[in-house]
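Have a look at the structure below before the remarks.
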Amino acid sequence: MKFVLVLLSFAFVSNLLAQSKPTADLIIANANVWTVDKAHPTAQAVAVLGDRIIAVGLNADVEVLRSHDTKVIDAAGKLLLPGFNDAHVHFVGGGLQLDSVQLNDATSTAEFVRRIGEQAKKTPKGEWIQGGDWDETKWNSAGLPTRELVDPVTPDNPAFLGRYDGHSALANSAALRLAGITSKTPDPPGGTIVRDAQGNPTGDLKDAAKDIVLRVIPPLSHDQRLRAMRRALEYAASLGVTSVQHMNDEESDSFADIGAYGELLQSSELTTRVYVAPAISDWQNLAKIGIRHAFGSSFLRTGGLKGFADGSLGSGTAYLFDPYGDEPRNSGLLRNQMQPLSQMRDWMMQADAAGLQICTHAIGDRAISMILDLYTEVARAHPGIERRFRIEHAQHMAAKDFARFAQLGVIASVQPYQAIDDGRWAEARIGHDRASRTYAFRTFLNHGVHLAFGTDWDVAPLNPILTVYAAVTRATLDGKNPNGWFPEQKLSVAEAVEAYTMGSAYAEFQEKDKGSIAPGKLADMVLLSDDIFSIDPAKIRGVKVLKTIVGGRLVWDVDRKYKYSAAAN
Ligand SMILES: [Zn+2]
């Protein structure tokens, strides 16, 4: 009897002891942790309670938080980083693309046509064939592809296939017919209907001309949207992307997107954190219900706005001070939203006064300068407002504008993968001098500008490892610049990782909650197959993601090859 009492009281005391110190739900031990926390850059182990990190340190420091209920991941010495935060994605478009025809790596006209024909066979009669991301420069085409190529393999479907840069698209004859585009249709403002020698449309539509076709394509159904998001979420988890910043584009309905994300959040399917930036023309829809920047929960927020100043370099629509080197009469195009300029100014003024965050697509040096002018006016008009202006892409900079970025605190939201892609031909288009200030990440950092990294998926691959590789090596995809295209603009691995984590978190007002592995922060982490800090930079692009953890939940494990459901975790 006495013996039993002793046992009972011992159990009681140990229970009390257990309650007096916190125990972790999850411990990652034996890791090579790169924290992106300047005060403690490296560590061995991380402890998580609920969705937050509670301790970072040596194995022994964290071991004391272990109880018999703690799940332990032995990292076996692998590199653990904060989760990647992609500051610029088109997530629904990306998800749709995963199920649509892939043309980006087609290397001949025949291959381009064959893949479209195959997709047509899988698509019900009358349904639109979309997707593509074709890049005619990869098959040394004499020019843009035409509808005559595609018509024979798409007899029963309208087809509308986007160029990879999003600024041109190819319509087949059925699509042109449905859109009512004929030789008599005038070019819309801010767009071009490409025509042959007889004046007939070739099927290629640039910028605002694409809208004529987009208007007749039926909108995504709710189920199609959810399906695309689920595909995209699964893909993001497999790549270690734990946050995305979802940018409006003309083809998307951001409010329907927010609704669908909300549904996925409720069913615990949202495994990537999302910040949605609807169109700046819709600023009032957010402002009237009191939404300011970064409004929402840790998984789903809005309050950013996306505007467009110009087009892209590849399509010859990036708006430049001086003409294109290979097109002496072309200096690019301003987008509709900038015509008249007073319209964009009004939207920015009102959005800023409402506390919303402004993110503007600007690629050409003149478009970037014009947006900086507008930002200057807005900041002067509303002193004392906490704001973080952003310029999306910021590709071709005028020398004078780096300092202005810094003075205005404008975030350069950049996509390094495009440097190794466009780097194949950019110099031919804009010449050496302008190319030297193209994707000028080092110069931005030297000026004290905040960099945020992203991909612009589905314009470029979502895989963050490729972006880090691009920023560190600047080795163009054609293999012609193994030591880097404008190598003085290369970043170190640490700088690239910081831009992809803390930098992107700052760009969405989340640097206190995300971006580094530190006590109190959200437990978003990624375990890599190799140490990108010590391997040959040329090998970085082959590095794989072993595990992805979001809010303390394992959402990707390479050994299990599937996404963990909420129930399984
Ligand atoms: Zn974009």
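Residue numbers start at 1 in each chain; chains themselves are named A, B, ... in the order of the structure tokens; ligands are numbered from 1 in the order shown.
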| task | If you run DSSP over the backbone, which residues in stretch 248-287 of chain A end up helix (DSSP H, G or I)? Put them as a PyMOL selection string. | result | chain A and resi 254-266+280-287
Save out the residues we just selected, all heavy atoms, as a compact mmCIF listing (two decimals), in the first residue's frame.
# COMPACT_ATOMS: atom_id res chain seq x y z
N SER A 254 -9.36 38.63 -58.81
CA SER A 254 -8.73 38.50 -57.50
C SER A 254 -9.74 38.28 -56.39
O SER A 254 -9.43 37.64 -55.39
CB SER A 254 -7.92 39.74 -57.17
OG SER A 254 -6.86 39.86 -58.07
N PHE A 255 -10.94 38.82 -56.53
CA PHE A 255 -11.91 38.66 -55.45
C PHE A 255 -12.45 37.23 -55.42
O PHE A 255 -12.63 36.65 -54.35
CB PHE A 255 -13.01 39.72 -55.55
CG PHE A 255 -12.44 41.11 -55.38
CD1 PHE A 255 -12.38 42.00 -56.43
CD2 PHE A 255 -11.87 41.50 -54.16
CE1 PHE A 255 -11.82 43.26 -56.28
CE2 PHE A 255 -11.31 42.75 -54.00
CZ PHE A 255 -11.28 43.64 -55.06
N ALA A 256 -12.66 36.66 -56.59
CA ALA A 256 -13.04 35.24 -56.64
C ALA A 256 -11.89 34.39 -56.09
O ALA A 256 -12.11 33.38 -55.40
CB ALA A 256 -13.37 34.83 -58.07
N ASP A 257 -10.65 34.81 -56.36
CA ASP A 257 -9.49 34.07 -55.83
C ASP A 257 -9.48 34.11 -54.30
O ASP A 257 -9.26 33.10 -53.65
CB ASP A 257 -8.18 34.68 -56.36
CG ASP A 257 -7.99 34.46 -57.85
OD1 ASP A 257 -8.64 33.55 -58.41
OD2 ASP A 257 -7.20 35.21 -58.47
N ILE A 258 -9.72 35.30 -53.74
CA ILE A 258 -9.73 35.41 -52.28
C ILE A 258 -10.81 34.49 -51.69
O ILE A 258 -10.58 33.78 -50.71
CB ILE A 258 -9.95 36.87 -51.84
CG1 ILE A 258 -8.73 37.73 -52.22
CG2 ILE A 258 -10.21 36.96 -50.33
CD1 ILE A 258 -8.93 39.23 -52.03
N GLY A 259 -11.96 34.47 -52.33
CA GLY A 259 -13.05 33.60 -51.86
C GLY A 259 -12.64 32.13 -51.87
O GLY A 259 -12.89 31.39 -50.91
N ALA A 260 -11.98 31.72 -52.94
CA ALA A 260 -11.58 30.31 -53.06
C ALA A 260 -10.47 29.98 -52.06
O ALA A 260 -10.49 28.92 -51.42
CB ALA A 260 -11.12 30.02 -54.48
N TYR A 261 -9.51 30.90 -51.88
CA TYR A 261 -8.47 30.67 -50.86
C TYR A 261 -9.12 30.53 -49.48
O TYR A 261 -8.71 29.71 -48.66
CB TYR A 261 -7.49 31.84 -50.81
CG TYR A 261 -6.45 31.88 -51.91
CD1 TYR A 261 -6.23 33.04 -52.65
CD2 TYR A 261 -5.65 30.78 -52.18
CE1 TYR A 261 -5.27 33.11 -53.64
CE2 TYR A 261 -4.67 30.83 -53.17
CZ TYR A 261 -4.49 32.01 -53.90
OH TYR A 261 -3.53 32.06 -54.87
N GLY A 262 -10.14 31.36 -49.22
CA GLY A 262 -10.83 31.31 -47.93
C GLY A 262 -11.45 29.94 -47.69
O GLY A 262 -11.40 29.41 -46.57
N GLU A 263 -12.01 29.38 -48.75
CA GLU A 263 -12.60 28.05 -48.63
C GLU A 263 -11.53 27.01 -48.31
O GLU A 263 -11.73 26.12 -47.47
CB GLU A 263 -13.25 27.70 -49.97
CG GLU A 263 -14.69 27.29 -49.85
CD GLU A 263 -15.28 27.02 -51.21
OE1 GLU A 263 -15.65 28.01 -51.88
OE2 GLU A 263 -15.36 25.84 -51.60
N LEU A 264 -10.39 27.12 -48.97
CA LEU A 264 -9.30 26.17 -48.72
C LEU A 264 -8.71 26.35 -47.33
O LEU A 264 -8.30 25.39 -46.68
CB LEU A 264 -8.21 26.33 -49.79
CG LEU A 264 -8.65 25.96 -51.22
CD1 LEU A 264 -7.55 26.30 -52.22
CD2 LEU A 264 -9.00 24.48 -51.31
N LEU A 265 -8.70 27.59 -46.86
CA LEU A 265 -8.22 27.86 -45.50
C LEU A 265 -9.12 27.15 -44.49
O LEU A 265 -8.65 26.50 -43.55
CB LEU A 265 -8.20 29.37 -45.24
CG LEU A 265 -7.85 29.83 -43.83
CD1 LEU A 265 -6.45 29.37 -43.43
CD2 LEU A 265 -7.92 31.36 -43.74
N GLN A 266 -10.42 27.25 -44.72
CA GLN A 266 -11.38 26.66 -43.79
C GLN A 266 -11.26 25.14 -43.74
O GLN A 266 -11.46 24.53 -42.70
CB GLN A 266 -12.79 27.05 -44.23
CG GLN A 266 -13.73 27.20 -43.08
CD GLN A 266 -14.71 28.34 -43.33
OE1 GLN A 266 -14.99 28.69 -44.48
NE2 GLN A 266 -15.21 28.93 -42.27
N ILE A 280 -5.27 47.65 -59.07
CA ILE A 280 -5.33 48.99 -58.45
C ILE A 280 -6.63 49.70 -58.83
O ILE A 280 -7.15 50.51 -58.04
CB ILE A 280 -4.08 49.83 -58.79
CG1 ILE A 280 -4.06 51.08 -57.91
CG2 ILE A 280 -4.01 50.16 -60.28
CD1 ILE A 280 -2.74 51.78 -57.82
N SER A 281 -7.18 49.37 -59.99
CA SER A 281 -8.46 50.00 -60.38
C SER A 281 -9.58 49.60 -59.42
O SER A 281 -10.62 50.24 -59.37
CB SER A 281 -8.81 49.59 -61.81
OG SER A 281 -8.75 48.19 -61.93
N ASP A 282 -9.38 48.55 -58.65
CA ASP A 282 -10.37 48.07 -57.67
C ASP A 282 -10.11 48.58 -56.26
O ASP A 282 -10.65 48.04 -55.30
CB ASP A 282 -10.37 46.54 -57.64
CG ASP A 282 -11.20 45.93 -58.76
OD1 ASP A 282 -12.21 46.56 -59.13
OD2 ASP A 282 -10.84 44.84 -59.23
N TRP A 283 -9.26 49.60 -56.12
CA TRP A 283 -8.84 50.02 -54.77
C TRP A 283 -10.04 50.30 -53.86
O TRP A 283 -10.03 50.01 -52.67
CB TRP A 283 -7.94 51.28 -54.85
CG TRP A 283 -8.68 52.51 -55.27
CD1 TRP A 283 -8.89 52.94 -56.54
CD2 TRP A 283 -9.35 53.45 -54.43
NE1 TRP A 283 -9.64 54.08 -56.55
CE2 TRP A 283 -9.93 54.42 -55.26
CE3 TRP A 283 -9.49 53.57 -53.03
CZ2 TRP A 283 -10.66 55.50 -54.76
CZ3 TRP A 283 -10.22 54.63 -52.53
CH2 TRP A 283 -10.80 55.59 -53.39
N GLN A 284 -11.10 50.84 -54.47
CA GLN A 284 -12.25 51.25 -53.66
C GLN A 284 -12.96 50.06 -53.00
O GLN A 284 -13.50 50.19 -51.91
CB GLN A 284 -13.23 51.99 -54.57
CG GLN A 284 -13.92 53.10 -53.84
CD GLN A 284 -14.49 54.14 -54.80
OE1 GLN A 284 -14.42 53.98 -56.02
NE2 GLN A 284 -15.02 55.19 -54.25
N ASN A 285 -12.93 48.93 -53.70
CA ASN A 285 -13.59 47.74 -53.14
C ASN A 285 -12.94 47.29 -51.84
O ASN A 285 -13.59 46.72 -50.98
CB ASN A 285 -13.57 46.60 -54.15
CG ASN A 285 -14.50 46.88 -55.32
OD1 ASN A 285 -15.57 47.44 -55.13
ND2 ASN A 285 -14.07 46.55 -56.51
N LEU A 286 -11.64 47.53 -51.71
CA LEU A 286 -10.96 47.21 -50.45
C LEU A 286 -11.17 48.33 -49.44
O LEU A 286 -11.50 48.10 -48.29
CB LEU A 286 -9.46 46.98 -50.68
CG LEU A 286 -9.08 45.78 -51.55
CD1 LEU A 286 -7.57 45.67 -51.67
CD2 LEU A 286 -9.63 44.49 -50.97
N ALA A 287 -10.97 49.57 -49.92
CA ALA A 287 -11.00 50.72 -49.00
C ALA A 287 -12.37 50.87 -48.33
O ALA A 287 -12.45 51.20 -47.16
CB ALA A 287 -10.64 51.99 -49.76
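With the cut-off set to 8 Å and only C-alpha atoms and all ligand atoms counted, the residues surrounding ligand 1 are His88, Val89, His90, Met247, Asn248, Asp249, His361, Glu392, Asp456, Trp457 and Val459 of chain A.
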| task | Find the residues around stretch 149-157 of chain A up to 6 Å (only C-alpha atoms counted), leave out those fewer than 4 positions away in its own chain, and share them as a PyMOL selection string. | result | chain A and resi 117+120+125-128+172
Produce a file of the selected residues containing N, CA and C atoms, as a CSV table (one decimal), in the first residue's frame.
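Writing the result to part.csv gives the following:
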chain,number,residue,atom,x,y,z
A,117,GLY,N,-1.7,20.0,-81.0
A,117,GLY,CA,-2.6,19.0,-81.5
A,117,GLY,C,-2.9,17.9,-80.5
A,120,ALA,N,-5.4,19.3,-78.1
A,120,ALA,CA,-6.7,19.4,-78.8
A,120,ALA,C,-7.5,18.1,-78.7
A,125,LYS,N,-14.8,19.0,-77.5
A,125,LYS,CA,-15.2,19.9,-78.7
A,125,LYS,C,-15.8,21.2,-78.2
A,126,GLY,N,-15.3,22.3,-78.8
A,126,GLY,CA,-15.8,23.6,-78.4
A,126,GLY,C,-15.2,24.3,-77.2
A,127,GLU,N,-14.5,23.5,-76.4
A,127,GLU,CA,-13.9,24.1,-75.2
A,127,GLU,C,-12.6,24.8,-75.6
A,128,TRP,N,-12.3,25.9,-74.9
A,128,TRP,CA,-11.1,26.6,-75.3
A,128,TRP,C,-9.8,25.9,-74.9
A,172,ASN,N,-6.0,31.1,-82.7
A,172,ASN,CA,-6.3,30.4,-84.0
A,172,ASN,C,-7.5,31.1,-84.7
| Nearby residues (only C-alpha atoms) at most 8 Å from A:Asn32, same-chain spacing under 4 positions excluded, as a PyMOL selection string | chain A and resi 42-44+77-80
| Could you pull the residues within 6 Å of A:Thr501, counting only C-alpha atoms, minus those fewer than 5 positions along the same chain, as a ChimeraX atom specification? | /A:84-85,515
| request: Run DSSP on the backbone and grab whatever in stretch 88-168 of chain A lands in strand (DSSP E); send it over as an NGL selection string. | output: :A and (88-89 or 101-102 or 129-134 or 159-163 or 168)
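For the pair atom CA of A:Val449 and atom CA of A:Pro416, the interatomic distance is 15.7 Å.
Residues within 12 Å of A:Trp347, counting only C-alpha atoms and excluding same-chain residues fewer than 5 positions away, are Ala279, Ile280, Ser281, Asp282, Trp283, Gln284, Ala287, Leu305, Lys306, Gly307, Phe308, Gln337, Met338, Pro340, Leu341, Ser342, Asp352, Ala353, Ala354, Leu356, Gln357, Ile358, Thr360, Leu374, Tyr375 and Val378 of chain A.
Near stretch 526-529 of chain A, within 7 Å and counting only C-alpha atoms, sit Lys78, Leu79, Leu80, Leu81, Pro82, Gly83, Gly240, Val543, Lys544, Val545, Leu546, Lys547, Thr548 and Ile549 of chain A, not including residues fewer than 4 positions from it in the same chain.
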Those residues you just picked out, can you put them in a file as a PDB file, in the first residue's frame with C-alpha atoms?
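Here's the written file selection-v5.pdb:
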ATOM      1  CA  LYS A  78      21.212  18.870 -43.971  1.00  0.00           C
ATOM      2  CA  LEU A  79      20.645  22.573 -44.580  1.00  0.00           C
ATOM      3  CA  LEU A  80      17.545  24.068 -42.956  1.00  0.00           C
ATOM      4  CA  LEU A  81      16.397  27.482 -44.213  1.00  0.00           C
ATOM      5  CA  PRO A  82      13.376  29.699 -43.555  1.00  0.00           C
ATOM      6  CA  GLY A  83      10.656  28.809 -46.074  1.00  0.00           C
ATOM      7  CA  GLY A 240       9.679  24.700 -50.375  1.00  0.00           C
ATOM      8  CA  VAL A 543      19.366  20.821 -55.231  1.00  0.00           C
ATOM      9  CA  LYS A 544      16.106  19.244 -54.050  1.00  0.00           C
ATOM     10  CA  VAL A 545      13.692  20.026 -51.245  1.00  0.00           C
ATOM     11  CA  LEU A 546      13.529  17.173 -48.724  1.00  0.00           C
ATOM     12  CA  LYS A 547      10.900  18.561 -46.376  1.00  0.00           C
ATOM     13  CA  THR A 548       8.681  21.614 -46.230  1.00  0.00           C
ATOM     14  CA  ILE A 549       7.183  22.747 -42.929  1.00  0.00           C
TER      15      ILE A 549
END
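Using only C-alpha atoms, the smallest distance between any of A:Ile430, A:Ala228, A:Ala507, A:Ala419 and A:Ala318 comes from A:Ile430.
Of the residues under consideration (A:Asp61, A:Glu488, A:Asp211, A:Glu427), A:Glu488 shows the shortest atom-to-atom contact distance to A:Ala440 when counting only C-alpha atoms.
Of note, atom CA of A:Ser331 and atom CA of A:Gly143 are spaced 19.2 Å apart.
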